[in-house]
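The next block holds one structure in the form of structure tokens; read it before the comments.
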Amino acid sequence: MEILHVTRPVAVSDLQEVPFPSVDAAAPLGVLTRCPVAAQTPLVSAPMLADRAGVADVHVKDERNRMGLGSFKALGAAYVIAHDAQLGRAQGRTYVTASAGNHGLSVAAGAAAFGAKAVVFIAETVPESFAARLAAQGAQVVREGAFYEASMAAAQQAADQNGWQLLSDSSWPGYMAIPHRLMEGYLAMMDEVIRQMPAPPSHIFLQAGVGGLAGACAALARQAWGDAPRIIVVEPEVAAALHGSIAAGAPVQSGGPASQMGRLDCKMPSLIALKGLARDADCYALISEAEGAEGAGQAEAAGLRSTPSGAAGIAALLALTDPDKAALGITAASVVLCILSEEAEG
């Protein structure tokens with residue numbers, strides 16, 4: 001595992017016009033209180049993982065049954081569509097997106113709930129079982145490109161050609177308002193964690209694809225707990241979008257083959273997430289494919305079955321060497337927070 005330690009805030013160029021992530025948790029909570037399936041997800045103590053990691057406790061926020069959609073992503077796109085519905089502009093609209101995983105389910109479910117349509121572009125590497133889940137939610141599924149970025153380019157082209165609403169979970173120059181609101185939806189999860197934790201954790205491990213979850217959670221954690229936790233962002237080593245951009249001091253595209261951590265296999269960061277994490281995160285860890293698989297196996301042994309993507313934060317914690325732990329200030333007294341971000345496949 002490779003770890004990049006930084007001194008906050010990190011100076012990153014070309015982000016002057018980019019907003020920081022929202023910390024207005026009341027906004028999504030106000031919408032969710034009217035949703036009959038929006039129950040709080042559990043925060044569980046995982047003593048087996050704590051023993052394995054050599055720390056006092058590991059708290060795991062278990063998002064596997066969020067709103068019946070199987071991941072934290074249920075809080076994002078569906079929240080954007082619900083907001084549009086409040087303004088009377090969702091009915092009959094077609095929302096189009098690209099998805100490396102669960103974001104597409106949130107778009108599809110939100111569109112179905114509010115009388116809209118969903119078109120989801122997926123890469124060639126996305127399993128057919130996931131395409132079937134999208135179709136079952138009523139989405140039109142289109143395969144395009146070898147990686148997420150190619151699928152997103154195709155979705156953007158389709159939006160322009162057909163007058164559809166692009167609903168991405170990433171952000172780039174000229175496309176900020178919708179992903180900013182989408183990330184705001186993720187604050188509901190971190191707000192629950194803050195209320196569920198008996199005291200601030202010493203360390204928080206946050207997995208990242210384009211960075212929406214990590215950016216939103218880190219922003220609210222800093223607001224609630226200040227500098228108390230050390231925040232570690234975790235990515236696949238073949239998709240080091242945030243790690244690479246922080247190291248370069250500018251947004252850069254990562255290279256590399258496809259990752260088995262498919263939900264995190266994003267080569268370009270969301271600019272909103274990048275700006276927030278440059279302010280809020282302390283470290284950027286890259287895990288190998290083997291470390292991701294091992295972490296998912298250890299999570300399953302602890303009764304927390306997920307995917308290598310969903311358990312990537314746990315994987316990074318368990319893969320730390322003794323020198324890594326010393327550099328991160330992890331000791332036998334540490335209390336660690338991880339997010340189990342999605343249910344297992346199959």
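Ordering of the structure tokens sets the chain letters (A, B, ...), residue numbers begin anew at 1 in every chain, and ligands are numbered from 1 in the order given.
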Under the rule of at most 7 Å, produce a per-residue listing of stretch 198-300 of chain A near stretch 185-190 of chain A: chain, number, name, the closest pair of atoms, and the distance in Å, as a tab-separated table, using only C-alpha atoms.
```
residue	atom	partner	partner_atom	distance
A:Leu213	CA	A:Tyr186	CA	6.5
A:Ala216	CA	A:Leu187	CA	6.0
A:Cys217	CA	A:Met190	CA	5.6
A:Leu220	CA	A:Met190	CA	6.9
```
Residues of stretch 178-254 of chain A that approach stretch 315-319 of chain A to 10 Å or less, counting only C-alpha atoms: could you list each one with the shortest pair of atoms and its distance in Å to one decimal, rows by chain and increasing residue number, as CSV?
```
residue,atom,partner,partner_atom,distance
A:His203,CA,A:Leu317,CA,9.8
A:Ile204,CA,A:Leu317,CA,9.6
A:Phe205,CA,A:Leu317,CA,7.4
A:Leu206,CA,A:Ala316,CA,9.5
A:Gln207,CA,A:Ala316,CA,9.0
A:Ile232,CA,A:Ala316,CA,9.1
A:Val233,CA,A:Ala316,CA,9.4
A:Val234,CA,A:Ala316,CA,6.9
A:Glu235,CA,A:Ala316,CA,9.1
A:Pro236,CA,A:Ala316,CA,10.0
```
Atoms kept (N, CA, C and O atoms) for selection, written as a PDB file, in the first residue's frame:
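After the write, selection-v7.pdb holds the following:
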```pdb
ATOM      1  N   HIS A 203      -9.578   8.013  13.843  1.00  0.00           N
ATOM      2  CA  HIS A 203      -9.251   7.861  12.424  1.00  0.00           C
ATOM      3  C   HIS A 203     -10.510   7.518  11.639  1.00  0.00           C
ATOM      4  O   HIS A 203     -11.365   6.759  12.124  1.00  0.00           O
ATOM      5  N   ILE A 204     -10.613   8.060  10.421  1.00  0.00           N
ATOM      6  CA  ILE A 204     -11.725   7.771   9.521  1.00  0.00           C
ATOM      7  C   ILE A 204     -11.146   7.341   8.178  1.00  0.00           C
ATOM      8  O   ILE A 204     -10.349   8.068   7.571  1.00  0.00           O
ATOM      9  N   PHE A 205     -11.541   6.152   7.711  1.00  0.00           N
ATOM     10  CA  PHE A 205     -11.112   5.653   6.412  1.00  0.00           C
ATOM     11  C   PHE A 205     -12.293   5.773   5.443  1.00  0.00           C
ATOM     12  O   PHE A 205     -13.353   5.192   5.673  1.00  0.00           O
ATOM     13  N   LEU A 206     -12.097   6.529   4.346  1.00  0.00           N
ATOM     14  CA  LEU A 206     -13.170   6.815   3.399  1.00  0.00           C
ATOM     15  C   LEU A 206     -12.745   6.400   1.993  1.00  0.00           C
ATOM     16  O   LEU A 206     -11.814   6.983   1.420  1.00  0.00           O
ATOM     17  N   GLN A 207     -13.409   5.391   1.422  1.00  0.00           N
ATOM     18  CA  GLN A 207     -13.089   4.974   0.075  1.00  0.00           C
ATOM     19  C   GLN A 207     -13.609   6.002  -0.921  1.00  0.00           C
ATOM     20  O   GLN A 207     -14.576   6.708  -0.663  1.00  0.00           O
ATOM     21  N   ILE A 232      -8.385   9.484   6.219  1.00  0.00           N
ATOM     22  CA  ILE A 232      -7.600   8.787   5.198  1.00  0.00           C
ATOM     23  C   ILE A 232      -8.514   8.438   4.031  1.00  0.00           C
ATOM     24  O   ILE A 232      -9.529   7.752   4.210  1.00  0.00           O
ATOM     25  N   VAL A 233      -8.186   8.914   2.834  1.00  0.00           N
ATOM     26  CA  VAL A 233      -8.945   8.619   1.620  1.00  0.00           C
ATOM     27  C   VAL A 233      -8.322   7.398   0.950  1.00  0.00           C
ATOM     28  O   VAL A 233      -7.100   7.334   0.785  1.00  0.00           O
ATOM     29  N   VAL A 234      -9.157   6.441   0.557  1.00  0.00           N
ATOM     30  CA  VAL A 234      -8.676   5.152   0.035  1.00  0.00           C
ATOM     31  C   VAL A 234      -9.142   4.969  -1.405  1.00  0.00           C
ATOM     32  O   VAL A 234     -10.337   5.096  -1.699  1.00  0.00           O
ATOM     33  N   GLU A 235      -8.196   4.652  -2.306  1.00  0.00           N
ATOM     34  CA  GLU A 235      -8.506   4.409  -3.715  1.00  0.00           C
ATOM     35  C   GLU A 235      -7.769   3.152  -4.190  1.00  0.00           C
ATOM     36  O   GLU A 235      -6.751   2.766  -3.611  1.00  0.00           O
ATOM     37  N   PRO A 236      -8.236   2.533  -5.278  1.00  0.00           N
ATOM     38  CA  PRO A 236      -7.447   1.467  -5.907  1.00  0.00           C
ATOM     39  C   PRO A 236      -6.172   2.071  -6.493  1.00  0.00           C
ATOM     40  O   PRO A 236      -6.189   3.186  -7.018  1.00  0.00           O
TER      41      PRO A 236
END
```
Expected answer as a compact mmCIF listing (two decimals) with C-alpha atoms, in the first residue's frame: strand (DSSP E) residues in stretch 82-293 of chain A:
```
# COMPACT_ATOMS: atom_id res chain seq x y z
CA THR A 94 -35.54 12.09 -18.61
CA TYR A 95 -32.47 11.86 -16.41
CA VAL A 96 -29.36 10.40 -18.00
CA THR A 97 -26.16 9.37 -16.28
CA ALA A 98 -23.18 7.07 -16.35
CA LYS A 117 -37.43 8.37 -16.91
CA ALA A 118 -33.86 7.15 -16.44
CA VAL A 119 -31.20 6.27 -19.00
CA VAL A 120 -27.99 4.80 -17.53
CA PHE A 121 -24.77 4.33 -19.50
CA ILE A 122 -22.44 1.65 -18.16
CA GLN A 140 -32.94 2.08 -20.02
CA VAL A 141 -29.41 0.64 -19.93
CA VAL A 142 -26.79 1.45 -22.58
CA ARG A 143 -23.25 -0.01 -22.64
CA GLN A 165 -31.04 16.22 -17.80
CA LEU A 166 -27.55 14.97 -17.07
CA HIS A 203 -9.25 7.86 12.42
CA ILE A 204 -11.72 7.77 9.52
CA PHE A 205 -11.11 5.65 6.41
CA LEU A 206 -13.17 6.82 3.40
CA GLN A 207 -13.09 4.97 0.08
CA ARG A 230 -7.28 11.80 11.05
CA ILE A 231 -9.01 11.30 7.69
CA ILE A 232 -7.60 8.79 5.20
CA VAL A 233 -8.95 8.62 1.62
CA VAL A 234 -8.68 5.15 0.03
CA GLU A 235 -8.51 4.41 -3.71
CA PRO A 236 -7.45 1.47 -5.91
CA CYS A 283 -3.71 11.07 3.87
CA TYR A 284 -4.40 9.32 0.56
CA ALA A 285 -3.89 5.55 0.52
CA LEU A 286 -3.70 3.34 -2.57
CA ILE A 287 -4.57 -0.33 -2.12
```
> Pick from A:Met1, A:Ala293, A:Ala146, A:Ala326: nearest to A:Pro257, with only C-alpha atoms counted?
Replying inline: A:Ala146
> Which is closer to A:Asp191 than all the others in A:Val252, A:Ser170, A:Trp225, A:Ile314, using only C-alpha atoms?
Replying inline: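 Under the stated criterion, the closest residue is A:Trp225.
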>> I need the residues in stretch 4-199 of chain A that are helix (DSSP H, G or I) according to DSSP; give them as a PyMOL selection string.
In response: chain A and resi 26-32+47-53+66-68+72-75+77-86+102-113+128-136+148-162+177-196
Keeping only C-alpha atoms, write the selected residues as a PDB file, in the first residue's frame.
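The resulting file, again09.pdb, is shown below:
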```
ATOM      1  CA  ALA A  26     -30.667  19.639   7.350  1.00  0.00           C
ATOM      2  CA  ALA A  27     -31.519  19.923   3.644  1.00  0.00           C
ATOM      3  CA  PRO A  28     -31.466  16.194   2.783  1.00  0.00           C
ATOM      4  CA  LEU A  29     -32.811  15.260   6.214  1.00  0.00           C
ATOM      5  CA  GLY A  30     -35.850  17.420   5.545  1.00  0.00           C
ATOM      6  CA  VAL A  31     -36.560  15.473   2.367  1.00  0.00           C
ATOM      7  CA  LEU A  32     -35.820  12.059   3.872  1.00  0.00           C
ATOM      8  CA  PRO A  47     -14.349  -6.401  17.466  1.00  0.00           C
ATOM      9  CA  MET A  48     -12.927  -9.037  15.100  1.00  0.00           C
ATOM     10  CA  LEU A  49     -11.703  -6.303  12.754  1.00  0.00           C
ATOM     11  CA  ALA A  50     -10.390  -4.274  15.690  1.00  0.00           C
ATOM     12  CA  ASP A  51      -8.350  -7.265  16.883  1.00  0.00           C
ATOM     13  CA  ARG A  52      -7.038  -7.839  13.375  1.00  0.00           C
ATOM     14  CA  ALA A  53      -6.049  -4.174  13.068  1.00  0.00           C
ATOM     15  CA  ARG A  66     -29.979   1.943   2.559  1.00  0.00           C
ATOM     16  CA  MET A  67     -33.524   2.590   1.300  1.00  0.00           C
ATOM     17  CA  GLY A  68     -33.655  -0.928  -0.133  1.00  0.00           C
ATOM     18  CA  PHE A  72     -25.179   4.864   0.350  1.00  0.00           C
ATOM     19  CA  LYS A  73     -25.724   6.078  -3.223  1.00  0.00           C
ATOM     20  CA  ALA A  74     -29.468   5.934  -2.564  1.00  0.00           C
ATOM     21  CA  LEU A  75     -29.016   9.248  -0.750  1.00  0.00           C
ATOM     22  CA  ALA A  77     -29.324  11.091  -7.120  1.00  0.00           C
ATOM     23  CA  ALA A  78     -32.741  10.266  -5.668  1.00  0.00           C
ATOM     24  CA  TYR A  79     -32.374  13.319  -3.422  1.00  0.00           C
ATOM     25  CA  VAL A  80     -31.640  15.505  -6.455  1.00  0.00           C
ATOM     26  CA  ILE A  81     -34.734  14.193  -8.251  1.00  0.00           C
ATOM     27  CA  ALA A  82     -36.862  14.647  -5.110  1.00  0.00           C
ATOM     28  CA  HIS A  83     -35.687  18.247  -4.929  1.00  0.00           C
ATOM     29  CA  ASP A  84     -36.625  18.734  -8.589  1.00  0.00           C
ATOM     30  CA  ALA A  85     -40.040  17.225  -7.839  1.00  0.00           C
ATOM     31  CA  GLN A  86     -40.592  19.777  -5.065  1.00  0.00           C
ATOM     32  CA  ASN A 102     -24.924   2.112  -7.412  1.00  0.00           C
ATOM     33  CA  HIS A 103     -25.351   5.713  -8.557  1.00  0.00           C
ATOM     34  CA  GLY A 104     -27.359   4.411 -11.500  1.00  0.00           C
ATOM     35  CA  LEU A 105     -29.745   2.587  -9.179  1.00  0.00           C
ATOM     36  CA  SER A 106     -30.383   5.805  -7.286  1.00  0.00           C
ATOM     37  CA  VAL A 107     -31.132   7.652 -10.541  1.00  0.00           C
ATOM     38  CA  ALA A 108     -33.443   4.862 -11.684  1.00  0.00           C
ATOM     39  CA  ALA A 109     -35.297   4.623  -8.364  1.00  0.00           C
ATOM     40  CA  GLY A 110     -35.653   8.386  -8.043  1.00  0.00           C
ATOM     41  CA  ALA A 111     -36.957   8.705 -11.580  1.00  0.00           C
ATOM     42  CA  ALA A 112     -39.494   5.918 -11.049  1.00  0.00           C
ATOM     43  CA  ALA A 113     -40.698   7.458  -7.801  1.00  0.00           C
ATOM     44  CA  GLU A 128     -24.457  -8.017 -16.517  1.00  0.00           C
ATOM     45  CA  SER A 129     -26.108  -8.741 -13.165  1.00  0.00           C
ATOM     46  CA  PHE A 130     -25.880  -5.053 -12.352  1.00  0.00           C
ATOM     47  CA  ALA A 131     -27.336  -4.098 -15.728  1.00  0.00           C
ATOM     48  CA  ALA A 132     -30.274  -6.366 -14.892  1.00  0.00           C
ATOM     49  CA  ARG A 133     -30.779  -4.603 -11.544  1.00  0.00           C
ATOM     50  CA  LEU A 134     -30.889  -1.248 -13.311  1.00  0.00           C
ATOM     51  CA  ALA A 135     -33.425  -2.534 -15.816  1.00  0.00           C
ATOM     52  CA  ALA A 136     -35.540  -3.933 -12.982  1.00  0.00           C
ATOM     53  CA  TYR A 148     -16.472   4.971 -16.526  1.00  0.00           C
ATOM     54  CA  GLU A 149     -15.110   8.127 -18.162  1.00  0.00           C
ATOM     55  CA  ALA A 150     -16.077   6.929 -21.648  1.00  0.00           C
ATOM     56  CA  SER A 151     -19.570   6.073 -20.412  1.00  0.00           C
ATOM     57  CA  MET A 152     -19.888   9.542 -18.898  1.00  0.00           C
ATOM     58  CA  ALA A 153     -18.842  11.195 -22.157  1.00  0.00           C
ATOM     59  CA  ALA A 154     -21.531   9.189 -23.956  1.00  0.00           C
ATOM     60  CA  ALA A 155     -24.152  10.168 -21.348  1.00  0.00           C
ATOM     61  CA  GLN A 156     -23.239  13.827 -21.709  1.00  0.00           C
ATOM     62  CA  GLN A 157     -23.521  13.588 -25.499  1.00  0.00           C
ATOM     63  CA  ALA A 158     -26.942  11.920 -25.182  1.00  0.00           C
ATOM     64  CA  ALA A 159     -28.110  14.677 -22.831  1.00  0.00           C
ATOM     65  CA  ASP A 160     -27.036  17.362 -25.289  1.00  0.00           C
ATOM     66  CA  GLN A 161     -28.584  15.628 -28.299  1.00  0.00           C
ATOM     67  CA  ASN A 162     -31.928  14.762 -26.672  1.00  0.00           C
ATOM     68  CA  ALA A 177     -24.814  22.668  -9.286  1.00  0.00           C
ATOM     69  CA  ILE A 178     -26.300  19.166  -9.638  1.00  0.00           C
ATOM     70  CA  PRO A 179     -23.324  17.195  -8.244  1.00  0.00           C
ATOM     71  CA  HIS A 180     -23.042  19.724  -5.409  1.00  0.00           C
ATOM     72  CA  ARG A 181     -26.631  18.966  -4.416  1.00  0.00           C
ATOM     73  CA  LEU A 182     -26.086  15.237  -4.939  1.00  0.00           C
ATOM     74  CA  MET A 183     -23.131  15.226  -2.529  1.00  0.00           C
ATOM     75  CA  GLU A 184     -25.326  17.129  -0.084  1.00  0.00           C
ATOM     76  CA  GLY A 185     -27.575  14.078  -0.003  1.00  0.00           C
ATOM     77  CA  TYR A 186     -24.699  11.976   1.339  1.00  0.00           C
ATOM     78  CA  LEU A 187     -24.538  14.233   4.397  1.00  0.00           C
ATOM     79  CA  ALA A 188     -27.555  12.390   5.798  1.00  0.00           C
ATOM     80  CA  MET A 189     -25.351   9.317   6.274  1.00  0.00           C
ATOM     81  CA  MET A 190     -22.562  11.204   8.026  1.00  0.00           C
ATOM     82  CA  ASP A 191     -25.063  13.095  10.159  1.00  0.00           C
ATOM     83  CA  GLU A 192     -26.344   9.727  11.390  1.00  0.00           C
ATOM     84  CA  VAL A 193     -22.784   8.618  12.162  1.00  0.00           C
ATOM     85  CA  ILE A 194     -22.099  11.755  14.196  1.00  0.00           C
ATOM     86  CA  ARG A 195     -25.245  11.134  16.244  1.00  0.00           C
ATOM     87  CA  GLN A 196     -24.467   7.416  16.620  1.00  0.00           C
TER      88      GLN A 196
END
```
> What is the distance between atom CA of A:Asp280 and atom CA of A:Arg222, in Å to one decimal?
Replying inline: 6.9 Å
>> Report, in Å with one decimal, the straight-line distance from atom CA of A:Glu63 to atom CA of A:Asp324.
In response: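 Rounded to one decimal, the two atoms are 27.7 Å apart.
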>> Just to confirm, what's the straight-line distance from atom CA of A:Glu300 to atom CA of A:Leu337 in Å (one decimal)?
In response: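 Rounded to one decimal, the two atoms are 17.1 Å apart.
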>> Counting only C-alpha atoms, which residue out of A:Leu340, A:Ala290, A:Met268, A:Ala250 sits closest to A:Gln16?
In response: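 The answer is A:Ala250, which sits nearest to A:Gln16.
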>> Just want the 8 Å neighbourhood of A:Val12, counted on only C-alpha atoms, with same-chain residues fewer than 4 positions away dropped. Output as an MDAnalysis selection string.
In response: chainID A and resid 245:246 249:251 275 278
